[in-house]
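Containing mmCIF, C-alpha atoms: coords.cif.
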data_target
#
loop_
_atom_site.label_atom_id
_atom_site.label_comp_id
_atom_site.auth_asym_id
_atom_site.auth_seq_id
_atom_site.Cartn_x
_atom_site.Cartn_y
_atom_site.Cartn_z
CA MET A 1 108.27 108.25 128.10
CA THR A 2 104.58 107.33 127.92
CA ASP A 3 102.65 105.31 125.37
CA PHE A 4 102.43 106.92 121.96
CA TRP A 5 100.70 106.50 118.59
CA THR A 6 97.70 104.82 120.20
CA ALA A 7 95.73 105.36 116.97
CA SER A 8 98.11 102.95 115.19
CA GLY A 9 96.35 99.91 116.63
CA PHE A 10 99.64 98.54 117.94
CA HIS A 11 98.07 97.68 121.30
CA LEU A 12 95.62 95.35 119.50
CA LEU A 13 98.41 93.20 118.06
CA THR A 14 100.67 90.45 119.37
CA ARG A 15 104.24 89.56 118.43
CA ASP A 16 105.22 86.27 116.84
CA ALA A 17 108.48 84.34 117.25
CA ASP A 18 110.21 86.65 114.73
CA ASN A 19 109.10 89.75 116.67
CA HIS A 20 106.68 90.64 113.88
CA LEU A 21 103.14 91.84 114.53
CA ALA A 22 100.59 89.05 114.20
CA VAL A 23 97.13 89.89 112.87
CA THR A 24 94.43 89.60 115.54
CA PRO A 25 90.62 89.73 115.47
CA ASP A 26 90.67 92.94 117.52
CA PHE A 27 92.97 94.63 115.00
CA LEU A 28 90.57 93.71 112.18
CA ARG A 29 87.59 94.90 114.23
CA ALA A 30 89.24 98.32 114.59
CA TYR A 31 88.76 98.87 110.84
CA LEU A 32 85.09 97.93 111.10
CA LEU A 33 84.60 100.46 113.88
CA ARG A 34 85.90 103.34 111.78
CA PRO A 35 83.21 105.88 110.74
CA GLU A 36 83.63 104.92 107.08
CA MET A 37 82.64 101.32 107.84
CA ARG A 38 79.88 101.81 110.41
CA PRO A 39 76.38 101.53 108.93
CA PRO A 40 74.57 104.90 109.03
CA GLU A 41 71.01 105.23 110.32
CA GLU A 42 69.60 104.82 106.81
CA ALA A 43 71.59 101.64 106.10
CA CYS A 44 69.66 98.65 104.80
CA ASP A 45 69.22 95.44 106.80
CA ALA A 46 71.77 93.58 104.66
CA GLU A 47 74.48 96.13 105.45
CA ARG A 48 73.70 96.08 109.17
CA THR A 49 73.61 92.29 109.27
CA LEU A 50 76.94 91.90 107.48
CA HIS A 51 78.63 94.50 109.66
CA ALA A 52 77.41 92.81 112.85
CA ALA A 53 78.49 89.40 111.58
CA LEU A 54 81.99 90.66 110.80
CA LEU A 55 82.29 92.32 114.20
CA ASP A 56 81.51 88.95 115.73
CA ASP A 57 83.99 87.12 113.50
CA PRO A 58 86.21 89.48 111.45
CA ALA A 59 87.80 86.57 109.59
CA ARG A 60 84.55 84.99 108.41
CA ILE A 61 84.08 84.17 104.75
CA VAL A 62 81.62 86.52 103.02
CA PRO A 63 79.85 84.99 100.01
CA ALA A 64 79.26 87.32 97.06
CA PRO A 65 75.42 87.27 97.43
CA LEU A 66 75.75 88.85 100.91
CA LEU A 67 77.70 91.75 99.44
CA ASP A 68 75.38 92.07 96.46
CA ALA A 69 72.42 92.43 98.81
CA ILE A 70 73.75 95.74 100.19
CA ALA A 71 71.62 98.48 98.66
CA ASP A 72 74.10 101.37 98.90
CA ALA A 73 76.78 101.13 96.21
CA ASP A 74 79.38 103.08 98.23
CA ALA A 75 78.89 100.87 101.27
CA ARG A 76 79.13 97.77 99.08
CA GLU A 77 82.42 99.00 97.61
CA ASN A 78 83.79 99.84 101.07
CA PHE A 79 83.16 96.27 102.19
CA GLN A 80 84.69 94.84 99.02
CA VAL A 81 87.88 96.89 99.41
CA TRP A 82 88.21 96.11 103.11
CA LEU A 83 87.54 92.40 102.65
CA ALA A 84 90.21 92.18 99.95
CA PHE A 85 92.69 93.91 102.26
CA ARG A 86 91.63 91.73 105.20
CA ASP A 87 92.28 88.62 103.12
CA ARG A 88 95.78 89.89 102.33
CA LEU A 89 96.44 90.37 106.05
CA LEU A 90 95.12 86.94 106.96
CA ALA A 91 97.08 85.24 104.20
CA ALA A 92 100.32 86.89 105.34
CA GLY A 93 99.67 86.34 109.04
CA THR A 94 101.64 89.43 110.08
CA LEU A 95 101.57 93.11 109.23
CA GLU A 96 105.18 92.94 108.08
CA GLY A 97 104.45 89.98 105.82
CA CYS A 98 101.47 91.74 104.28
CA TYR A 99 103.40 94.98 103.77
CA ILE A 100 106.37 93.42 102.03
CA ARG A 101 104.13 91.29 99.80
CA LEU A 102 102.25 94.39 98.68
CA PHE A 103 105.40 95.70 97.03
CA ARG A 104 106.89 92.45 95.86
CA GLU A 105 103.66 91.08 94.40
CA GLY A 106 101.62 94.24 93.71
CA ALA A 107 99.51 96.63 95.77
CA ARG A 108 96.79 97.20 93.20
CA GLY A 109 93.41 97.83 94.80
CA VAL A 110 94.84 98.63 98.24
CA PRO A 111 94.13 102.25 99.29
CA GLY A 112 97.16 104.30 100.23
CA LEU A 113 95.52 104.98 103.60
CA PHE A 114 95.64 101.27 104.44
CA ILE A 115 99.32 101.10 103.51
CA ASP A 116 100.12 104.12 105.69
CA GLN A 117 98.22 102.49 108.56
CA LEU A 118 100.36 99.37 108.23
CA VAL A 119 103.51 101.46 108.40
CA HIS A 120 102.11 103.35 111.40
CA ALA A 121 101.56 100.15 113.39
CA ILE A 122 104.77 98.41 112.29
CA LEU A 123 106.94 101.42 113.10
CA ARG A 124 105.21 101.79 116.47
CA GLY A 125 106.42 98.29 117.25
CA ILE A 126 109.93 99.01 115.99
CA LEU A 127 110.16 102.16 118.12
CA ASP A 128 108.59 100.57 121.20
CA GLU A 129 110.23 101.93 124.36
CA THR A 130 112.42 104.41 122.49
CA PRO A 131 113.42 107.26 124.79
CA SER A 132 113.87 109.66 121.87
CA GLY A 133 111.06 111.99 120.93
CA LEU A 134 113.18 112.97 117.93
CA ARG A 135 113.18 109.42 116.57
CA ALA A 136 109.43 109.09 117.09
CA ARG A 137 108.87 112.40 115.29
CA ALA A 138 111.20 111.29 112.49
CA GLY A 139 109.12 108.13 112.23
CA GLU A 140 106.09 110.22 111.25
CA LEU A 141 107.76 110.93 107.92
CA PHE A 142 107.22 107.27 107.03
CA PHE A 143 103.42 107.57 106.99
CA ARG A 144 102.40 111.25 107.06
CA GLU A 145 103.06 113.81 104.33
CA GLN A 146 105.20 116.79 105.33
CA THR A 147 105.43 120.43 104.28
CA VAL A 148 109.01 121.62 103.81
CA SER A 149 110.47 124.96 104.84
CA VAL A 150 113.94 126.01 103.65
CA GLU A 151 115.02 129.27 105.23
CA GLU A 152 118.45 130.69 106.09
CA GLY A 153 120.07 127.36 105.39
CA ARG A 154 117.77 125.36 107.68
CA VAL A 155 115.61 122.54 106.33
CA ARG A 156 112.55 121.84 108.45
CA VAL A 157 109.50 119.68 107.98
CA ALA A 158 106.05 120.01 109.53
CA ASP A 159 102.99 117.83 109.20
CA ALA A 160 101.19 118.89 106.02
CA GLU A 161 97.67 118.32 107.32
CA THR A 162 98.38 120.25 110.53
CA VAL A 163 99.91 123.16 108.62
CA GLU A 164 96.92 123.35 106.28
CA THR A 165 94.46 123.27 109.18
CA MET A 166 96.29 125.94 111.15
CA ALA A 167 96.79 128.13 108.10
CA ALA A 168 93.07 128.00 107.36
CA SER A 169 92.08 128.96 110.89
CA GLY A 170 95.08 131.01 111.97
CA GLY A 171 95.58 128.49 114.74
CA PHE A 172 92.42 129.62 116.53
CA GLY A 173 90.10 126.77 115.57
CA SER A 174 86.55 127.69 114.56
CA LEU A 175 87.05 131.31 115.64
CA GLY A 176 90.06 131.55 113.36
CA ARG A 177 88.06 130.22 110.44
CA LEU A 178 85.48 132.97 110.98
CA VAL A 179 88.26 135.56 110.93
CA VAL A 180 89.67 134.15 107.70
CA GLU A 181 86.24 134.07 106.08
CA ALA A 182 85.77 137.71 107.09
CA GLY A 183 88.83 138.62 105.06
CA THR A 184 91.29 139.21 107.91
CA ALA A 185 94.71 137.63 107.40
CA PRO A 186 95.38 134.87 109.92
CA ARG A 187 98.54 134.78 112.03
CA SER A 188 101.46 132.81 110.66
CA VAL A 189 101.70 129.16 111.59
CA GLU A 190 104.19 128.64 114.42
CA LEU A 191 105.00 125.17 115.68
CA ASP A 192 107.58 123.93 118.17
CA ILE A 193 110.87 122.83 116.62
CA LEU A 194 112.25 119.72 118.29
CA ASP A 195 115.94 119.34 119.04
CA GLU A 196 118.17 117.25 121.30
CA THR A 197 117.28 119.37 124.34
CA ASN A 198 113.49 119.66 124.10
CA HIS A 199 112.50 116.42 122.34
CA PRO A 200 110.54 115.14 125.41
CA LEU A 201 107.91 117.69 124.34
CA TYR A 202 106.85 115.13 121.76
CA TRP A 203 105.45 112.69 124.31
CA GLY A 204 101.83 113.48 124.99
CA ARG A 205 101.59 115.56 121.82
CA ASP A 206 102.21 112.76 119.33
CA ALA A 207 98.56 112.61 118.23
CA ARG A 208 98.51 116.35 117.54
CA HIS A 209 101.25 116.26 114.89
CA ASP A 210 102.20 119.80 115.82
CA THR A 211 105.98 119.64 116.12
CA VAL A 212 108.64 120.45 113.54
CA LEU A 213 111.68 118.33 112.69
CA ASP A 214 114.91 120.02 111.61
CA ILE A 215 116.62 117.80 109.01
CA THR A 216 119.43 120.18 108.14
CA PHE A 217 122.80 118.46 107.65
CA ALA A 218 124.38 117.73 111.08
CA ALA A 219 121.08 118.46 112.90
CA ALA A 220 119.89 115.99 115.52
CA GLY A 221 116.65 115.52 113.61
CA LEU A 222 118.46 114.20 110.54
CA ASP A 223 120.51 111.83 112.67
CA ALA A 224 117.28 110.59 114.26
CA LEU A 225 115.84 109.90 110.81
CA ALA A 226 118.96 107.92 109.88
CA ARG A 227 118.61 105.77 113.00
CA VAL A 228 114.95 105.03 112.24
CA LEU A 229 115.86 104.07 108.67
CA GLU A 230 118.49 101.66 110.06
CA ALA A 231 115.94 100.09 112.39
CA TRP A 232 113.41 99.77 109.55
CA VAL A 233 115.87 97.84 107.38
CA GLY A 234 117.05 95.65 110.24
CA HIS A 235 113.51 94.74 111.31
CA PHE A 236 112.35 93.68 107.86
CA LEU A 237 115.48 92.34 106.21
CA GLY A 238 117.42 91.02 109.18
CA VAL A 239 120.62 92.81 108.14
CA THR A 240 122.58 95.44 110.01
CA VAL A 241 123.29 98.65 108.11
CA ASN A 242 124.93 101.90 109.06
CA ILE A 243 123.32 105.03 107.60
CA GLN A 244 125.07 108.39 107.86
CA PRO A 245 124.11 111.76 106.36
CA VAL A 246 126.50 113.12 103.73
CA GLN A 247 126.59 116.53 102.09
CA ASN A 248 127.23 115.27 98.58
CA ILE A 249 128.08 112.19 96.55
CA ARG A 250 131.72 112.24 95.44
CA ASP A 251 132.29 108.70 94.33
CA ASP A 252 133.84 107.71 91.01
CA ARG A 253 132.59 104.18 91.65
CA TRP A 254 128.98 105.11 92.49
CA VAL A 255 127.18 101.84 91.76
CA TRP A 256 123.86 101.91 93.64
CA HIS A 257 121.35 104.37 95.02
CA VAL A 258 117.83 104.40 96.42
CA GLY A 259 115.46 107.36 96.40
CA LEU A 260 113.44 107.52 99.59
CA ASP A 261 110.63 109.28 97.71
CA SER A 262 109.54 109.74 94.11
CA ALA A 263 111.24 113.11 93.64
CA ALA A 264 114.57 111.85 94.99
CA SER A 265 114.41 108.71 92.85
CA ALA A 266 114.00 110.77 89.68
CA ILE A 267 116.81 113.19 90.54
CA LEU A 268 119.28 110.48 91.60
CA ASN A 269 118.49 108.43 88.50
CA ASP A 270 119.26 111.42 86.27
CA LEU A 271 122.48 112.24 88.11
CA TYR A 272 123.63 108.63 87.94
CA ASN A 273 122.88 108.41 84.22
CA GLY A 274 124.64 111.66 83.41
CA VAL A 275 121.48 113.58 82.57
CA GLU A 276 121.79 117.29 83.20
CA VAL A 277 119.87 118.32 86.29
CA GLY A 278 118.98 121.99 86.62
CA GLU A 279 119.73 124.04 89.72
CA ASP A 280 116.04 124.25 90.58
CA ARG A 281 115.75 120.45 90.76
CA LEU A 282 119.03 120.05 92.61
CA ALA A 283 117.75 122.53 95.19
CA ARG A 284 114.89 120.14 95.95
CA ILE A 285 117.29 117.59 97.43
CA LEU A 286 116.83 117.86 101.19
CA ALA A 287 119.26 115.21 102.40
CA LEU A 288 121.69 112.56 101.22
CA PHE A 289 122.85 109.49 103.11
CA ARG A 290 125.48 106.79 102.75
CA LEU A 291 124.35 103.27 103.67
CA ASP A 292 126.94 100.59 104.42
CA PHE A 293 126.24 96.95 105.19
CA ALA A 294 127.90 95.69 108.37
CA ASP A 295 128.46 92.38 106.59
CA PRO A 296 129.42 92.86 102.92
CA ALA A 297 128.40 89.24 102.30
CA ALA A 298 124.78 90.35 102.73
CA MET A 299 125.11 92.27 99.46
CA ARG A 300 125.15 91.10 95.89
CA PRO A 301 128.61 89.63 95.28
CA ASP A 302 129.41 92.08 92.48
CA LEU A 303 128.61 95.04 94.76
CA ALA A 304 129.91 93.72 98.10
CA GLY A 305 131.64 96.39 100.14
CA ARG A 306 130.36 99.31 98.07
CA PRO A 307 128.17 102.01 99.65
CA VAL A 308 124.54 102.59 98.75
CA TYR A 309 123.51 106.24 98.50
CA LEU A 310 120.09 107.40 99.64
CA GLY A 311 118.30 110.61 98.75
CA LEU A 312 115.44 112.65 100.18
CA ALA A 313 113.80 115.39 98.11
CA MET A 314 110.77 117.64 98.09
CA THR A 315 108.35 118.14 95.26
CA GLU A 316 107.96 121.39 93.34
CA GLY A 317 105.15 122.19 95.76
CA ARG A 318 107.49 121.75 98.77
CA ARG A 319 105.93 118.50 99.90
CA LEU A 320 107.71 115.40 101.18
CA LYS A 321 106.14 111.92 101.13
CA LEU A 322 108.49 109.10 102.01
CA LYS A 323 108.16 105.72 100.32
CA PRO A 324 109.73 103.52 103.00
CA GLN A 325 109.09 100.44 100.87
CA ASN A 326 111.86 101.62 98.53
CA LEU A 327 114.43 100.82 101.17
CA LEU A 328 113.14 97.25 101.45
CA VAL A 329 112.70 96.25 97.82
CA ASN A 330 115.54 98.18 96.15
CA LEU A 331 118.60 97.31 98.22
CA PRO A 332 121.16 95.02 96.47
CA LEU A 333 120.74 92.02 98.77
CA ALA A 334 122.60 88.76 98.15
CA SER A 335 119.45 86.78 98.92
CA VAL A 336 117.63 88.27 95.93
CA ALA A 337 120.62 88.47 93.59
#
Could you render the structure from this file as structure tokens?
Amino acid sequence: MTDFWTASGFHLLTRDADNHLAVTPDFLRAYLLRPEMRPPEEACDAERTLHAALLDDPARIVPAPLLDAIADADARENFQVWLAFRDRLLAAGTLEGCYIRLFREGARGVPGLFIDQLVHAILRGILDETPSGLRARAGELFFREQTVSVEEGRVRVADAETVETMAASGGFGSLGRLVVEAGTAPRSVELDILDETNHPLYWGRDARHDTVLDITFAAAGLDALARVLEAWVGHFLGVTVNIQPVQNIRDDRWVWHVGLDSAASAILNDLYNGVEVGEDRLARILALFRLDFADPAAMRPDLAGRPVYLGLAMTEGRRLKLKPQNLLVNLPLASVA
């Protein structure tokens, strides 16, 4: 295995005593070096001066008059949004602390891109030194939207952005785009499907997002996703859970569930409340899991020992966007009872 997810910024961070990722000046500078934050050639002196000052000291206090002096309204707003996010990071001290506070206290004003970037870096740390390309690929579901394919009983997910790009160009880059524009149908999109035998293919291709994960029941890809979900919970909440795929929920004492995405949350809520769910919506459920706490005392006393059911579902447009925060803020923990 080689290094992976270098774009996450993980290499710019350090670990604290709790093995969480401490915010560093270099990590903050990485945001300032993004194209959206770099002053263009036509930028005013105030914008250039502020950008240079923040590169020198990313944690410096920025008085309102300095922001107000920036002539370009879009640039001024970019700085305002980033500074507010930076202050959240500095106040929390760690990426994990910032992430969990966003969903316990409110994430208003924080772009979804920033939240996905936090997940990207945090999960890179959680998966550090993993030998499994399948688990790393499963981890992409936490911060990158997927396109779902359901054919002949197999459920497979591919990176939505990659699929759109390849479909537009036929997989031939700029030449393919010219062919499409000329009215010739492009070739179908074909990507490598990872399994337990070829998963090392992922290493070295992680930045390309061009592999497919099979999450059919009993497939190695679904098991890999379950293991990453376990690690995610353990890292943040300090509790050990066992997560196993199940084909259905047959439990007369079903007491708790968590949707891993918006579509799954809505479907599970309706099923739990006895609302009729049509076959078309049921067909959108991609996977179900049973979560058990290793120590029942870690759960709310009235629910101790009972399983928690998890669901994964696609939208009507066959998209999948995980909300990994759901698994952190919606579990029935004794500490928040």
Practice problem: Run the PyMOL selection byres ((chain A and resi 90) around 12) against the file shown and list the residues it catches, as JSON, numbers by chain. | Solution: {"A": [22, 23, 24, 25, 27, 28, 58, 59, 60, 61, 83, 84, 85, 86, 87, 88, 89, 91, 92, 93, 94, 95, 96, 97, 98, 99]}
Pull C-alpha atoms from the residues just selected and write them as an mmCIF file, in the frame of the given file.
data_model
loop_
_atom_site.group_PDB
_atom_site.id
_atom_site.type_symbol
_atom_site.label_atom_id
_atom_site.label_comp_id
_atom_site.auth_asym_id
_atom_site.auth_seq_id
_atom_site.Cartn_x
_atom_site.Cartn_y
_atom_site.Cartn_z
ATOM 1 C CA ALA A 22 100.590 89.050 114.200
ATOM 2 C CA VAL A 23 97.130 89.890 112.870
ATOM 3 C CA THR A 24 94.430 89.600 115.540
ATOM 4 C CA PRO A 25 90.620 89.730 115.470
ATOM 5 C CA PHE A 27 92.970 94.630 115.000
ATOM 6 C CA LEU A 28 90.570 93.710 112.180
ATOM 7 C CA PRO A 58 86.210 89.480 111.450
ATOM 8 C CA ALA A 59 87.800 86.570 109.590
ATOM 9 C CA ARG A 60 84.550 84.990 108.410
ATOM 10 C CA ILE A 61 84.080 84.170 104.750
ATOM 11 C CA LEU A 83 87.540 92.400 102.650
ATOM 12 C CA ALA A 84 90.210 92.180 99.950
ATOM 13 C CA PHE A 85 92.690 93.910 102.260
ATOM 14 C CA ARG A 86 91.630 91.730 105.200
ATOM 15 C CA ASP A 87 92.280 88.620 103.120
ATOM 16 C CA ARG A 88 95.780 89.890 102.330
ATOM 17 C CA LEU A 89 96.440 90.370 106.050
ATOM 18 C CA ALA A 91 97.080 85.240 104.200
ATOM 19 C CA ALA A 92 100.320 86.890 105.340
ATOM 20 C CA GLY A 93 99.670 86.340 109.040
ATOM 21 C CA THR A 94 101.640 89.430 110.080
ATOM 22 C CA LEU A 95 101.570 93.110 109.230
ATOM 23 C CA GLU A 96 105.180 92.940 108.080
ATOM 24 C CA GLY A 97 104.450 89.980 105.820
ATOM 25 C CA CYS A 98 101.470 91.740 104.280
ATOM 26 C CA TYR A 99 103.400 94.980 103.770
#
Quiz item: Which one of A:Leu225, A:Leu21, A:Ala43, A:Leu12 sits closest to A:Gly125 if you count only C-alpha atoms?
Solution: A:Leu21
Exercise. Evaluate the PyMOL selection byres ((chain A and resi 224) around 10) and record the selected residues as number ranges by chain, following the chain and residue labels used in the document.
Key: A: 132-139, 196, 213, 215, 219-223, 225-230
Kindly save the residues from that selection, with C-alpha atoms included, as a PDB file, in the coordinates of the input.
ATOM      1  CA  SER A 132     113.870 109.660 121.870  1.00  0.00           C
ATOM      2  CA  GLY A 133     111.060 111.990 120.930  1.00  0.00           C
ATOM      3  CA  LEU A 134     113.180 112.970 117.930  1.00  0.00           C
ATOM      4  CA  ARG A 135     113.180 109.420 116.570  1.00  0.00           C
ATOM      5  CA  ALA A 136     109.430 109.090 117.090  1.00  0.00           C
ATOM      6  CA  ARG A 137     108.870 112.400 115.290  1.00  0.00           C
ATOM      7  CA  ALA A 138     111.200 111.290 112.490  1.00  0.00           C
ATOM      8  CA  GLY A 139     109.120 108.130 112.230  1.00  0.00           C
ATOM      9  CA  GLU A 196     118.170 117.250 121.300  1.00  0.00           C
ATOM     10  CA  LEU A 213     111.680 118.330 112.690  1.00  0.00           C
ATOM     11  CA  ILE A 215     116.620 117.800 109.010  1.00  0.00           C
ATOM     12  CA  ALA A 219     121.080 118.460 112.900  1.00  0.00           C
ATOM     13  CA  ALA A 220     119.890 115.990 115.520  1.00  0.00           C
ATOM     14  CA  GLY A 221     116.650 115.520 113.610  1.00  0.00           C
ATOM     15  CA  LEU A 222     118.460 114.200 110.540  1.00  0.00           C
ATOM     16  CA  ASP A 223     120.510 111.830 112.670  1.00  0.00           C
ATOM     17  CA  LEU A 225     115.840 109.900 110.810  1.00  0.00           C
ATOM     18  CA  ALA A 226     118.960 107.920 109.880  1.00  0.00           C
ATOM     19  CA  ARG A 227     118.610 105.770 113.000  1.00  0.00           C
ATOM     20  CA  VAL A 228     114.950 105.030 112.240  1.00  0.00           C
ATOM     21  CA  LEU A 229     115.860 104.070 108.670  1.00  0.00           C
ATOM     22  CA  GLU A 230     118.490 101.660 110.060  1.00  0.00           C
TER      23      GLU A 230
END
Quiz prompt | Atom pair atom CA of A:Leu320 / atom CA of A:Gln146: separation (Å) | solution = 5.0 Å
Quiz item: Closest to A:Val241 among A:Val150, A:Leu66, A:Ala75, A:Ala298, using all atoms listed in the file?
Solution: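 Nearest to A:Val241: A:Ala298.
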Using the chain letters and numbering of this document, enumerate as a compact mmCIF listing (two decimals) with C-alpha atoms, in the coordinates of the input the residues selected by the PyMOL selection byres ((chain A and resi 107-121) around 8).
# COMPACT_ATOMS: atom_id res chain seq x y z
CA TRP A 5 100.70 106.50 118.59
CA SER A 8 98.11 102.95 115.19
CA GLY A 9 96.35 99.91 116.63
CA PHE A 10 99.64 98.54 117.94
CA VAL A 81 87.88 96.89 99.41
CA PHE A 85 92.69 93.91 102.26
CA LEU A 95 101.57 93.11 109.23
CA TYR A 99 103.40 94.98 103.77
CA LEU A 102 102.25 94.39 98.68
CA PHE A 103 105.40 95.70 97.03
CA GLU A 105 103.66 91.08 94.40
CA GLY A 106 101.62 94.24 93.71
CA ILE A 122 104.77 98.41 112.29
CA LEU A 123 106.94 101.42 113.10
CA ARG A 124 105.21 101.79 116.47
CA GLY A 125 106.42 98.29 117.25
CA GLU A 140 106.09 110.22 111.25
CA PHE A 142 107.22 107.27 107.03
CA PHE A 143 103.42 107.57 106.99
CA ARG A 144 102.40 111.25 107.06
